[in-house]
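Have a look at work.pdb; it's PDB, C-alpha atoms:
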ATOM      1  CA  MET E  13     117.674  87.938  98.555
ATOM      2  CA  ALA E  14     120.247  89.046 101.107
ATOM      3  CA  THR E  15     123.715  87.870 100.202
ATOM      4  CA  THR E  16     125.926  89.610 102.765
ATOM      5  CA  GLN E  17     126.067  89.882 106.547
ATOM      6  CA  HIS E  18     125.123  93.241 108.044
ATOM      7  CA  SER E  19     126.719  95.219 110.894
ATOM      8  CA  SER E  20     123.579  96.789 112.423
ATOM      9  CA  HIS E  21     122.987  96.454 116.154
ATOM     10  CA  ILE E  22     119.622  94.956 117.092
ATOM     11  CA  ALA E  23     117.882  95.025 120.475
ATOM     12  CA  ILE E  24     115.158  92.440 121.038
ATOM     13  CA  ILE E  25     112.726  93.396 123.799
ATOM     14  CA  GLY E  26     111.152  90.230 125.175
ATOM     15  CA  ALA E  27     112.416  86.643 125.105
ATOM     16  CA  GLY E  28     109.117  84.945 124.368
ATOM     17  CA  THR E  29     108.370  82.733 121.384
ATOM     18  CA  ILE E  30     108.378  85.552 118.817
ATOM     19  CA  GLY E  31     111.338  87.362 120.355
ATOM     20  CA  ILE E  32     113.541  84.261 120.330
ATOM     21  CA  SER E  33     112.495  83.324 116.806
ATOM     22  CA  LEU E  34     113.229  86.844 115.519
ATOM     23  CA  ALA E  35     116.530  86.844 117.387
ATOM     24  CA  ALA E  36     117.546  83.645 115.603
ATOM     25  CA  LEU E  37     116.552  85.138 112.265
ATOM     26  CA  HIS E  38     118.672  88.239 112.885
ATOM     27  CA  LEU E  39     121.648  86.139 113.952
ATOM     28  CA  THR E  40     121.767  84.356 110.586
ATOM     29  CA  ARG E  41     122.472  87.713 108.881
ATOM     30  CA  MET E  42     124.840  89.345 111.378
ATOM     31  CA  LYS E  43     128.602  89.642 111.040
ATOM     32  CA  SER E  44     128.898  89.040 114.782
ATOM     33  CA  PHE E  45     126.469  87.662 117.347
ATOM     34  CA  HIS E  46     127.674  90.481 119.630
ATOM     35  CA  GLN E  47     125.503  92.833 117.535
ATOM     36  CA  LEU E  48     122.401  91.319 119.146
ATOM     37  CA  ILE E  49     121.190  92.044 122.645
ATOM     38  CA  ILE E  50     118.095  90.487 124.230
ATOM     39  CA  VAL E  51     116.383  92.126 127.191
ATOM     40  CA  ASP E  52     113.916  90.370 129.476
ATOM     41  CA  ILE E  53     113.149  90.368 133.194
ATOM     42  CA  ARG E  54     113.317  86.585 133.611
ATOM     43  CA  ALA E  55     116.012  85.628 136.128
ATOM     44  CA  ASP E  56     117.398  82.791 134.006
ATOM     45  CA  LEU E  57     117.664  84.825 130.785
ATOM     46  CA  ARG E  58     121.299  83.957 130.039
ATOM     47  CA  ALA E  59     120.772  80.240 130.526
ATOM     48  CA  TYR E  60     117.478  80.331 128.631
ATOM     49  CA  VAL E  61     119.036  82.027 125.602
ATOM     50  CA  ASP E  62     122.000  79.644 125.586
ATOM     51  CA  GLU E  63     119.653  76.664 125.722
ATOM     52  CA  THR E  64     116.896  77.850 123.380
ATOM     53  CA  ILE E  65     118.513  79.833 120.540
ATOM     54  CA  PRO E  66     120.546  76.874 119.168
ATOM     55  CA  ARG E  67     117.297  75.019 118.425
ATOM     56  CA  TYR E  68     116.545  77.679 115.811
ATOM     57  CA  LEU E  69     120.007  77.901 114.257
ATOM     58  CA  PRO E  70     122.121  75.789 111.909
ATOM     59  CA  LEU E  71     124.653  73.640 113.742
ATOM     60  CA  SER E  72     127.518  75.708 112.307
ATOM     61  CA  LEU E  73     126.364  78.758 114.310
ATOM     62  CA  HIS E  74     125.909  77.092 117.702
ATOM     63  CA  GLN E  75     129.452  77.907 118.805
ATOM     64  CA  ASP E  76     128.741  81.659 118.592
ATOM     65  CA  VAL E  77     125.659  81.771 120.820
ATOM     66  CA  SER E  78     127.670  82.781 123.876
ATOM     67  CA  ALA E  79     128.463  86.100 122.147
ATOM     68  CA  ILE E  80     124.800  87.187 122.292
ATOM     69  CA  ARG E  81     124.397  89.877 124.919
ATOM     70  CA  THR E  82     121.597  89.667 127.491
ATOM     71  CA  THR E  83     120.341  92.145 130.066
ATOM     72  CA  SER E  84     117.365  93.104 132.194
ATOM     73  CA  SER E  85     118.074  96.811 131.654
ATOM     74  CA  ILE E  86     116.218  98.711 128.932
ATOM     75  CA  GLN E  87     118.851 101.448 129.017
ATOM     76  CA  GLN E  88     121.690  98.994 128.443
ATOM     77  CA  ALA E  89     119.752  97.187 125.720
ATOM     78  CA  VAL E  90     118.942 100.215 123.564
ATOM     79  CA  GLN E  91     121.843 102.612 124.078
ATOM     80  CA  ASP E  92     123.757 101.455 120.969
ATOM     81  CA  ALA E  93     120.912  99.912 118.966
ATOM     82  CA  ASP E  94     120.192 100.762 115.346
ATOM     83  CA  TYR E  95     116.873  98.910 115.424
ATOM     84  CA  ILE E  96     114.755  98.008 118.429
ATOM     85  CA  GLN E  97     112.375  95.075 117.974
ATOM     86  CA  GLU E  98     109.700  95.039 120.683
ATOM     87  CA  CYS E  99     108.132  91.617 121.336
ATOM     88  CA  GLY E 100     106.495  92.231 124.683
ATOM     89  CA  PRO E 101     103.014  91.492 126.040
ATOM     90  CA  GLU E 102      99.933  92.504 124.034
ATOM     91  CA  ASN E 103      99.078  95.254 126.486
ATOM     92  CA  LEU E 104      98.674  98.830 125.283
ATOM     93  CA  GLU E 105      99.605 100.531 128.561
ATOM     94  CA  PHE E 106     102.738  98.401 128.817
ATOM     95  CA  LYS E 107     103.801  99.292 125.295
ATOM     96  CA  LYS E 108     103.155 103.025 125.722
ATOM     97  CA  ARG E 109     105.293 103.166 128.864
ATOM     98  CA  LEU E 110     107.974 100.971 127.324
ATOM     99  CA  TRP E 111     108.420 103.165 124.239
ATOM    100  CA  ALA E 112     108.603 106.281 126.395
ATOM    101  CA  GLU E 113     111.401 104.677 128.423
ATOM    102  CA  ILE E 114     113.181 103.466 125.303
ATOM    103  CA  GLU E 115     113.089 106.949 123.755
ATOM    104  CA  GLN E 116     114.960 108.352 126.756
ATOM    105  CA  HIS E 117     117.986 106.128 126.095
ATOM    106  CA  ALA E 118     118.033 105.178 122.394
ATOM    107  CA  PRO E 119     120.189 107.056 119.842
ATOM    108  CA  LEU E 120     118.334 109.573 117.703
ATOM    109  CA  HIS E 121     118.785 107.505 114.528
ATOM    110  CA  THR E 122     117.288 104.334 116.022
ATOM    111  CA  LEU E 123     114.064 102.953 114.546
ATOM    112  CA  PHE E 124     111.401 101.483 116.823
ATOM    113  CA  TRP E 125     109.653  98.317 115.603
ATOM    114  CA  THR E 126     106.771  96.630 117.397
ATOM    115  CA  ALA E 127     105.911  93.013 116.603
ATOM    116  CA  THR E 128     102.409  93.425 118.016
ATOM    117  CA  SER E 129      99.632  91.210 116.666
ATOM    118  CA  GLY E 130      97.110  94.009 116.550
ATOM    119  CA  ILE E 131      97.853  97.192 118.546
ATOM    120  CA  ALA E 132      98.330 100.061 116.090
ATOM    121  CA  ALA E 133     101.478 102.180 116.174
ATOM    122  CA  SER E 134      99.284 105.284 116.512
ATOM    123  CA  GLU E 135      98.029 103.899 119.838
ATOM    124  CA  GLN E 136     101.502 102.977 121.077
ATOM    125  CA  ASN E 137     103.269 106.235 120.185
ATOM    126  CA  VAL E 138     101.196 108.714 122.212
ATOM    127  CA  LEU E 139     103.866 109.279 124.895
ATOM    128  CA  LEU E 140     106.735 109.723 122.445
ATOM    129  CA  ARG E 141     108.295 113.104 121.788
ATOM    130  CA  ASP E 142     109.118 111.895 118.268
ATOM    131  CA  PRO E 143     106.509 109.381 117.044
ATOM    132  CA  SER E 144     107.935 109.434 113.506
ATOM    133  CA  ARG E 145     110.275 106.478 114.093
ATOM    134  CA  LEU E 146     107.784 103.973 115.538
ATOM    135  CA  LEU E 147     106.004 101.504 113.261
ATOM    136  CA  VAL E 148     104.588  98.007 113.308
ATOM    137  CA  VAL E 149     106.795  95.240 111.895
ATOM    138  CA  HIS E 150     104.528  92.236 112.298
ATOM    139  CA  PRO E 151     105.980  88.794 111.543
ATOM    140  CA  PHE E 152     104.050  85.598 110.880
ATOM    141  CA  ASN E 153     104.834  82.835 113.351
ATOM    142  CA  PRO E 154     107.438  81.297 113.226
ATOM    143  CA  PRO E 155     109.321  84.337 111.829
ATOM    144  CA  HIS E 156     112.684  82.577 111.549
ATOM    145  CA  ILE E 157     111.044  80.432 108.837
ATOM    146  CA  LEU E 158     108.045  82.264 107.345
ATOM    147  CA  PRO E 159     109.211  85.244 105.260
ATOM    148  CA  LEU E 160     106.306  87.694 105.666
ATOM    149  CA  LEU E 161     106.681  90.999 107.513
ATOM    150  CA  GLU E 162     103.705  93.375 107.594
ATOM    151  CA  ILE E 163     105.023  96.935 107.857
ATOM    152  CA  VAL E 164     102.303  99.208 109.231
ATOM    153  CA  PRO E 165     103.188 102.857 109.827
ATOM    154  CA  SER E 166     101.086 105.248 111.842
ATOM    155  CA  PRO E 167     100.065 108.581 110.299
ATOM    156  CA  GLU E 168     103.000 110.092 112.233
ATOM    157  CA  THR E 169     105.618 107.598 110.996
ATOM    158  CA  SER E 170     108.060 109.252 108.605
ATOM    159  CA  ALA E 171     108.405 108.070 105.027
ATOM    160  CA  ALA E 172     112.140 107.707 105.664
ATOM    161  CA  ALA E 173     111.490 105.289 108.540
ATOM    162  CA  VAL E 174     109.164 103.198 106.372
ATOM    163  CA  ASP E 175     111.626 103.110 103.458
ATOM    164  CA  LYS E 176     114.564 102.213 105.688
ATOM    165  CA  THR E 177     112.579  99.462 107.401
ATOM    166  CA  PHE E 178     111.432  97.976 104.096
ATOM    167  CA  ALA E 179     114.958  98.071 102.675
ATOM    168  CA  PHE E 180     116.413  96.392 105.748
ATOM    169  CA  TRP E 181     114.018  93.451 105.671
ATOM    170  CA  LYS E 182     113.985  93.063 101.898
ATOM    171  CA  HIS E 183     117.631  93.533 101.022
ATOM    172  CA  GLN E 184     119.626  92.845 104.186
ATOM    173  CA  MET E 185     117.412  90.095 105.584
ATOM    174  CA  GLY E 186     116.043  88.601 102.355
ATOM    175  CA  ARG E 187     112.459  88.516 103.616
ATOM    176  CA  GLU E 188     109.107  89.476 102.043
ATOM    177  CA  PRO E 189     107.953  92.742 103.641
ATOM    178  CA  VAL E 190     104.621  94.290 102.636
ATOM    179  CA  ILE E 191     103.729  97.896 103.469
ATOM    180  CA  LEU E 192     100.092  98.374 104.477
ATOM    181  CA  ARG E 193      98.631 101.657 103.255
ATOM    182  CA  ARG E 194      96.736 102.322 106.478
ATOM    183  CA  GLU E 195      96.291 100.939 109.966
ATOM    184  CA  VAL E 196      93.647  98.250 110.369
ATOM    185  CA  THR E 197      92.884  96.022 113.354
ATOM    186  CA  GLY E 198      94.835  92.765 113.161
ATOM    187  CA  PHE E 199      96.598  93.907 109.968
ATOM    188  CA  VAL E 200      96.005  91.696 106.909
ATOM    189  CA  ALA E 201      97.440  88.242 107.631
ATOM    190  CA  GLY E 202      95.860  88.169 111.071
ATOM    191  CA  ARG E 203      92.436  89.208 109.821
ATOM    192  CA  LEU E 204      92.435  86.499 107.176
ATOM    193  CA  ALA E 205      93.644  83.863 109.644
ATOM    194  CA  TRP E 206      91.150  84.754 112.374
ATOM    195  CA  ILE E 207      88.204  84.860 109.966
ATOM    196  CA  LEU E 208      89.073  81.397 108.671
ATOM    197  CA  LEU E 209      89.516  80.145 112.250
ATOM    198  CA  ARG E 210      86.122  81.546 113.212
ATOM    199  CA  GLU E 211      84.351  79.578 110.498
ATOM    200  CA  ALA E 212      86.402  76.466 111.322
ATOM    201  CA  ILE E 213      85.322  76.694 114.965
ATOM    202  CA  HIS E 214      81.703  77.200 113.913
ATOM    203  CA  LEU E 215      81.706  74.136 111.656
ATOM    204  CA  VAL E 216      83.269  71.903 114.311
ATOM    205  CA  ASP E 217      81.057  73.218 117.108
ATOM    206  CA  GLN E 218      77.966  72.645 114.967
ATOM    207  CA  GLY E 219      78.962  69.016 114.399
ATOM    208  CA  VAL E 220      79.540  69.316 110.657
ATOM    209  CA  VAL E 221      83.058  67.844 110.938
ATOM    210  CA  ASP E 222      85.578  66.883 113.617
ATOM    211  CA  VAL E 223      88.767  68.839 114.330
ATOM    212  CA  ASP E 224      91.027  66.481 112.399
ATOM    213  CA  GLN E 225      88.609  66.287 109.468
ATOM    214  CA  LEU E 226      88.518  70.052 109.097
ATOM    215  CA  ASP E 227      92.310  70.270 109.174
ATOM    216  CA  MET E 228      92.561  67.468 106.630
ATOM    217  CA  ILE E 229      90.164  69.298 104.311
ATOM    218  CA  LEU E 230      92.331  72.414 104.364
ATOM    219  CA  GLN E 231      95.592  70.475 104.064
ATOM    220  CA  ASN E 232      94.337  68.788 100.905
ATOM    221  CA  SER E 233      92.680  71.757  99.213
ATOM    222  CA  MET E 234      93.299  75.417 100.005
ATOM    223  CA  GLY E 235      96.562  74.740 101.849
ATOM    224  CA  PRO E 236      98.619  73.583  98.849
ATOM    225  CA  ARG E 237      96.825  75.989  96.524
ATOM    226  CA  TRP E 238      97.400  79.035  98.700
ATOM    227  CA  ALA E 239     101.044  78.145  99.319
ATOM    228  CA  TYR E 240     101.600  78.912  95.641
ATOM    229  CA  ALA E 241      98.963  81.569  94.987
ATOM    230  CA  GLY E 242      96.724  83.612  97.276
ATOM    231  CA  PRO E 243      92.933  83.761  97.028
ATOM    232  CA  PHE E 244      92.763  86.318  94.224
ATOM    233  CA  LYS E 245      95.197  84.529  91.921
ATOM    234  CA  SER E 246      93.712  81.133  92.807
ATOM    235  CA  PHE E 247      90.089  82.066  92.225
ATOM    236  CA  HIS E 248      91.010  84.037  89.104
ATOM    237  CA  ALA E 249      92.480  80.812  87.717
ATOM    238  CA  GLY E 250      89.403  78.929  88.938
ATOM    239  CA  GLY E 251      87.239  81.011  86.625
ATOM    240  CA  GLY E 252      89.010  79.680  83.550
ATOM    241  CA  PRO E 253      89.443  81.977  80.530
ATOM    242  CA  GLY E 254      86.907  84.412  81.989
ATOM    243  CA  GLY E 255      88.859  84.772  85.228
ATOM    244  CA  LEU E 256      87.391  85.925  88.513
ATOM    245  CA  GLN E 257      84.341  87.552  86.934
ATOM    246  CA  ALA E 258      83.385  84.282  85.244
ATOM    247  CA  LEU E 259      83.721  82.482  88.579
ATOM    248  CA  PHE E 260      81.430  85.019  90.250
ATOM    249  CA  ASP E 261      78.913  84.741  87.427
ATOM    250  CA  ASN E 262      78.872  80.974  87.846
ATOM    251  CA  VAL E 263      78.880  80.463  91.618
ATOM    252  CA  GLY E 264      78.153  83.914  93.020
ATOM    253  CA  GLY E 265      74.820  82.766  94.461
ATOM    254  CA  THR E 266      76.460  79.960  96.398
ATOM    255  CA  VAL E 267      79.210  82.278  97.596
ATOM    256  CA  GLN E 268      76.635  84.766  98.896
ATOM    257  CA  SER E 269      74.714  81.986 100.648
ATOM    258  CA  CYS E 270      77.907  80.872 102.415
ATOM    259  CA  TRP E 271      78.614  84.445 103.499
ATOM    260  CA  ASP E 272      75.057  84.822 104.799
ATOM    261  CA  ASP E 273      75.281  81.527 106.695
ATOM    262  CA  ALA E 274      78.743  82.108 108.159
ATOM    263  CA  GLY E 275      79.271  81.447 111.864
ATOM    264  CA  GLN E 276      78.900  84.436 114.184
ATOM    265  CA  ILE E 277      80.568  83.078 117.326
ATOM    266  CA  GLN E 278      81.744  85.571 119.927
ATOM    267  CA  PHE E 279      84.317  85.240 122.704
ATOM    268  CA  ARG E 280      82.810  84.938 126.181
ATOM    269  CA  ASP E 281      79.258  84.690 124.804
ATOM    270  CA  GLY E 282      78.240  82.155 127.465
ATOM    271  CA  SER E 283      77.777  79.272 125.029
ATOM    272  CA  GLY E 284      80.863  77.393 126.215
ATOM    273  CA  TRP E 285      82.319  76.918 122.744
ATOM    274  CA  GLU E 286      85.827  77.931 123.864
ATOM    275  CA  GLN E 287      86.127  75.072 126.348
ATOM    276  CA  ARG E 288      84.546  72.574 123.949
ATOM    277  CA  ILE E 289      86.818  73.466 121.048
ATOM    278  CA  CYS E 290      90.019  73.645 123.102
ATOM    279  CA  GLU E 291      89.306  70.273 124.701
ATOM    280  CA  ARG E 292      88.660  68.682 121.315
ATOM    281  CA  VAL E 293      91.841  70.135 119.816
ATOM    282  CA  SER E 294      93.917  68.968 122.790
ATOM    283  CA  LYS E 295      92.369  65.504 122.626
ATOM    284  CA  THR E 296      93.065  65.292 118.885
ATOM    285  CA  TYR E 297      96.637  66.573 118.825
ATOM    286  CA  GLY E 298      98.041  66.591 122.352
ATOM    287  CA  LYS E 299     101.161  68.726 122.726
ATOM    288  CA  ALA E 300     102.037  70.679 119.587
ATOM    289  CA  ASP E 301     105.044  69.311 117.678
ATOM    290  CA  LEU E 302     106.905  72.498 116.744
ATOM    291  CA  GLU E 303     109.811  70.668 115.140
ATOM    292  CA  GLU E 304     107.442  68.937 112.739
ATOM    293  CA  ARG E 305     105.701  72.256 112.026
ATOM    294  CA  ASP E 306     108.973  74.020 111.266
ATOM    295  CA  ALA E 307     110.238  71.203 109.034
ATOM    296  CA  ALA E 308     106.963  71.174 107.100
ATOM    297  CA  ASN E 309     106.975  74.950 106.661
ATOM    298  CA  LYS E 310     110.524  74.864 105.339
ATOM    299  CA  ALA E 311     109.702  72.054 102.921
ATOM    300  CA  VAL E 312     106.608  73.819 101.580
ATOM    301  CA  LEU E 313     108.442  77.121 101.083
ATOM    302  CA  LYS E 314     111.299  75.349  99.280
ATOM    303  CA  ALA E 315     108.942  73.393  97.036
ATOM    304  CA  VAL E 316     107.034  76.511  96.014
ATOM    305  CA  ALA E 317     110.256  78.464  95.436
ATOM    306  CA  ASP E 318     111.614  75.643  93.251
ATOM    307  CA  VAL E 319     108.452  75.643  91.127
ATOM    308  CA  LYS E 320     108.488  79.422  90.702
ATOM    309  CA  ASP E 321     112.207  79.417  89.874
ATOM    310  CA  GLY E 322     111.601  76.730  87.261
ATOM    311  CA  THR E 323     108.714  78.693  85.757
ATOM    312  CA  GLU E 324     110.833  81.846  85.523
ATOM    313  CA  ALA E 325     113.666  79.899  83.899
ATOM    314  CA  ARG E 326     111.332  78.534  81.207
ATOM    315  CA  HIS E 327     110.223  82.042  80.364
TER
END
Using structure tokens, write down the structure that the file contains.
Amino acid sequence: MATTQHSSHIAIIGAGTIGISLAALHLTRMKSFHQLIIVDIRADLRAYVDETIPRYLPLSLHQDVSAIRTTSSIQQAVQDADYIQECGPENLEFKKRLWAEIEQHAPLHTLFWTATSGIAASEQNVLLRDPSRLLVVHPFNPPHILPLLEIVPSPETSAAAVDKTFAFWKHQMGREPVILRREVTGFVAGRLAWILLREAIHLVDQGVVDVDQLDMILQNSMGPRWAYAGPFKSFHAGGGPGGLQALFDNVGGTVQSCWDDAGQIQFRDGSGWEQRICERVSKTYGKADLEERDAANKAVLKAVADVKDGTEARH
């Protein structure tokens, strides 16, 4: 875990949900809030940052928020940055043009990080003179709480850039970065999440369960289990002394039948499932309670960490 404050200068491109959350995370590890600059074209950026950032920070840090720098100028934002964290729209053309502009003004040592949910670095870097310093650093929402960072280099990304990025997030920020060995659409966390969501939508749309019933099923089964151990470790334990192979030998036929029967919904397929599902979710939950979500995430992470710490101490 990180134990000291760092002196690196960070530029956050985009003051949306992910950008603000990442900004708050960086602020908790900086020696001075002046090290952070946020760039966005919104006219009320200064007021928005002053109002929004404190919601993500401990009360003891609220007094320093005014030291955060804000600008609408890319040149001003990146000219002294050590790391540039792009959190802009999920639009490939936008990102290609943005990185080309950033490269014109950023110092030669600066690393370029994109928080994209699925656009590969090798697609974003095509207009760069030096594509070796651009890579995906994909957080899991909300990043100021959830510790995962998926680091996804392109074939052109240098090994030094990957190593430096991993070291920053692991040792200076105290997070849990994972380096993916190759680019893949949606990365790993996203692919797993979207596949589960697809089957959830299918089951609700087919009338097997309601929205709240499906969520309750996950909250009282895989949710707690996977907070401690992922699918491989969990199912390996589920097989008893024989491990995962014993589980497959026992229930492999049922598993295959579930795979064969899985929902195959498609966006904009004309069936109207999008409207039906969104209306049912809105009717069930209304406006999302982000404060409750964040408090629950923190509590779960702490509980799991306490259990693992206790297990390590006993051994």
Length of the atom CA of Asp227 of chain E to atom CA of Thr197 of chain E vector [Å]: 26.1 Å
Residue with smallest distance to Ala89 of chain E - pool E:Asn137, E:Ile289, E:Ile25, E:Pro143, counting all atoms listed in the file: E:Ile25
Within 12 Å of file point (118.9, 102.2, 119.5), counting only C-alpha atoms, expressed as a ChimeraX atom specification: /E:20-25,47-49,86-98,111,113-125,145-146
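Residues in contact with segment 166-172 of chain E at 9 Å, where only C-alpha atoms are counted and same-chain residues fewer than 2 positions away are skipped, are listed as Ala132, Ala133, Ser134, Glu135, Asn137, Asp142, Pro143, Ser144, Arg145, Leu146, Leu147, Val148, Val164, Val174, Asp175, Lys176, Thr177, Arg194 and Glu195 of chain E.
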Please dump the current selection as a PDB file, keeping the file's coordinate frame; keep C-alpha atoms.
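Once written, result_16.pdb looks like this:
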ATOM      1  CA  ALA E 132      98.330 100.061 116.090  1.00  0.00           C
ATOM      2  CA  ALA E 133     101.478 102.180 116.174  1.00  0.00           C
ATOM      3  CA  SER E 134      99.284 105.284 116.512  1.00  0.00           C
ATOM      4  CA  GLU E 135      98.029 103.899 119.838  1.00  0.00           C
ATOM      5  CA  ASN E 137     103.269 106.235 120.185  1.00  0.00           C
ATOM      6  CA  ASP E 142     109.118 111.895 118.268  1.00  0.00           C
ATOM      7  CA  PRO E 143     106.509 109.381 117.044  1.00  0.00           C
ATOM      8  CA  SER E 144     107.935 109.434 113.506  1.00  0.00           C
ATOM      9  CA  ARG E 145     110.275 106.478 114.093  1.00  0.00           C
ATOM     10  CA  LEU E 146     107.784 103.973 115.538  1.00  0.00           C
ATOM     11  CA  LEU E 147     106.004 101.504 113.261  1.00  0.00           C
ATOM     12  CA  VAL E 148     104.588  98.007 113.308  1.00  0.00           C
ATOM     13  CA  VAL E 164     102.303  99.208 109.231  1.00  0.00           C
ATOM     14  CA  VAL E 174     109.164 103.198 106.372  1.00  0.00           C
ATOM     15  CA  ASP E 175     111.626 103.110 103.458  1.00  0.00           C
ATOM     16  CA  LYS E 176     114.564 102.213 105.688  1.00  0.00           C
ATOM     17  CA  THR E 177     112.579  99.462 107.401  1.00  0.00           C
ATOM     18  CA  ARG E 194      96.736 102.322 106.478  1.00  0.00           C
ATOM     19  CA  GLU E 195      96.291 100.939 109.966  1.00  0.00           C
TER      20      GLU E 195
END
d(atom CA of Asp321 of chain E, atom CA of Leu259 of chain E) in Å: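 Spanning atom CA of Asp321 of chain E to atom CA of Leu259 of chain E is a straight-line distance of 28.7 Å.
Residues captured in this structure file are Arg210, Glu211, His214, Leu215, Asp217, Asp273, Ala274, Ile289, Cys290, Glu291 and Arg292 of chain E, according to the PyMOL selection byres ((chain E and resi 275-288) around 8).
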Residue with smallest distance to Ser72 of chain E - pool E:Glu162, E:Gly100, E:Thr40, E:Ala201, counting all atoms listed in the file: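 Of the candidates, the smallest distance to Ser72 of chain E is held by E:Thr40.
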Among the residues E:Val319, E:Leu73, E:Ala55, E:Leu160, the one that comes closest to Gly202 of chain E [using only C-alpha atoms]: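 Of E:Val319, E:Leu73, E:Ala55, E:Leu160, the one nearest Gly202 of chain E, counting only C-alpha atoms, is E:Leu160.
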Interatomic distance, atom CA of Val51 of chain E to atom CA of Leu34 of chain E (Å, one decimal):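 Here the two named atoms are 13.2 Å from each other.
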Selected residue, from E:Leu256, E:Ile30, E:Ala239, E:Val190, that lies nearest to Leu313 of chain E when counting all atoms listed in the file: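 Checking each candidate against Leu313 of chain E, we get E:Ala239 as the closest.
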Given all atoms listed in the file as the counted atoms, nearest of E:Thr82, E:Thr64, E:Gly198, E:Ala311 to Thr128 of chain E: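 Ranking E:Thr82, E:Thr64, E:Gly198, E:Ala311 by distance to Thr128 of chain E, first place goes to E:Gly198.
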Expansion of the PyMOL selection byres ((chain E and resi 223) around 9) into residues, as a ChimeraX atom specification: /E:212-213,216,221-222,224-228,289,292-293,296
Can you write just those residues out, C-alpha atoms, as a CSV table (one decimal), keeping the file's coordinate frame?
chain,number,residue,atom,x,y,z
E,212,ALA,CA,86.4,76.5,111.3
E,213,ILE,CA,85.3,76.7,115.0
E,216,VAL,CA,83.3,71.9,114.3
E,221,VAL,CA,83.1,67.8,110.9
E,222,ASP,CA,85.6,66.9,113.6
E,224,ASP,CA,91.0,66.5,112.4
E,225,GLN,CA,88.6,66.3,109.5
E,226,LEU,CA,88.5,70.1,109.1
E,227,ASP,CA,92.3,70.3,109.2
E,228,MET,CA,92.6,67.5,106.6
E,289,ILE,CA,86.8,73.5,121.0
E,292,ARG,CA,88.7,68.7,121.3
E,293,VAL,CA,91.8,70.1,119.8
E,296,THR,CA,93.1,65.3,118.9
Could you tell me, as a CSV table (one decimal) with C-alpha atoms, in the coordinates of the input, exactly which residues end up selected when the PyMOL selection byres ((chain E and resi 80) around 9) is applied to this structure?
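Dumped everything to selection.csv:
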chain,number,residue,atom,x,y,z
E,39,LEU,CA,121.6,86.1,114.0
E,44,SER,CA,128.9,89.0,114.8
E,45,PHE,CA,126.5,87.7,117.3
E,46,HIS,CA,127.7,90.5,119.6
E,47,GLN,CA,125.5,92.8,117.5
E,48,LEU,CA,122.4,91.3,119.1
E,49,ILE,CA,121.2,92.0,122.6
E,50,ILE,CA,118.1,90.5,124.2
E,61,VAL,CA,119.0,82.0,125.6
E,62,ASP,CA,122.0,79.6,125.6
E,76,ASP,CA,128.7,81.7,118.6
E,77,VAL,CA,125.7,81.8,120.8
E,78,SER,CA,127.7,82.8,123.9
E,79,ALA,CA,128.5,86.1,122.1
E,81,ARG,CA,124.4,89.9,124.9
E,82,THR,CA,121.6,89.7,127.5
What's the 6 Å shell around Cys99 of chain E, counting all atoms listed in the file, without same-chain residues fewer than 4 positions away, as a JSON list (two decimals) with C-alpha atoms, keeping the file's coordinate frame?
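Generated output (out08.json):
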[["chain", "number", "residue", "atom", "x", "y", "z"],
["E", 25, "ILE", "CA", 112.73, 93.40, 123.80],
["E", 26, "GLY", "CA", 111.15, 90.23, 125.18],
["E", 31, "GLY", "CA", 111.34, 87.36, 120.36],
["E", 127, "ALA", "CA", 105.91, 93.01, 116.60]]
Spatial neighbours of Met185 of chain E, max dist 12 Å, all atoms listed in the file, sep filter under 2 positions, as a PyMOL selection string: chain E and resi 13-20+34+36-42+155-156+159-161+177-183+187-189
Take the residues that were just selected and, keeping C-alpha atoms, output them as a compact mmCIF listing (two decimals), keeping the file's coordinate frame.
# COMPACT_ATOMS: atom_id res chain seq x y z
CA MET E 13 117.67 87.94 98.56
CA ALA E 14 120.25 89.05 101.11
CA THR E 15 123.72 87.87 100.20
CA THR E 16 125.93 89.61 102.76
CA GLN E 17 126.07 89.88 106.55
CA HIS E 18 125.12 93.24 108.04
CA SER E 19 126.72 95.22 110.89
CA SER E 20 123.58 96.79 112.42
CA LEU E 34 113.23 86.84 115.52
CA ALA E 36 117.55 83.64 115.60
CA LEU E 37 116.55 85.14 112.26
CA HIS E 38 118.67 88.24 112.88
CA LEU E 39 121.65 86.14 113.95
CA THR E 40 121.77 84.36 110.59
CA ARG E 41 122.47 87.71 108.88
CA MET E 42 124.84 89.34 111.38
CA PRO E 155 109.32 84.34 111.83
CA HIS E 156 112.68 82.58 111.55
CA PRO E 159 109.21 85.24 105.26
CA LEU E 160 106.31 87.69 105.67
CA LEU E 161 106.68 91.00 107.51
CA THR E 177 112.58 99.46 107.40
CA PHE E 178 111.43 97.98 104.10
CA ALA E 179 114.96 98.07 102.68
CA PHE E 180 116.41 96.39 105.75
CA TRP E 181 114.02 93.45 105.67
CA LYS E 182 113.98 93.06 101.90
CA HIS E 183 117.63 93.53 101.02
CA ARG E 187 112.46 88.52 103.62
CA GLU E 188 109.11 89.48 102.04
CA PRO E 189 107.95 92.74 103.64
Distance criterion (all atoms listed in the file): nearest to Pro151 of chain E out of E:Thr29, E:Ser294, E:Ala173, E:Thr266: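 Using all atoms listed in the file, the shortest distance to Pro151 of chain E belongs to E:Thr29.
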Six-sided padding of 6 Å per side, axis-aligned box over segment 298-312 of chain E, centre and edges in Å, one decimal, as JSON:
{"center_x": 104.3, "center_y": 70.8, "center_z": 112.2, "size_x": 24.5, "size_y": 20.4, "size_z": 33.1}
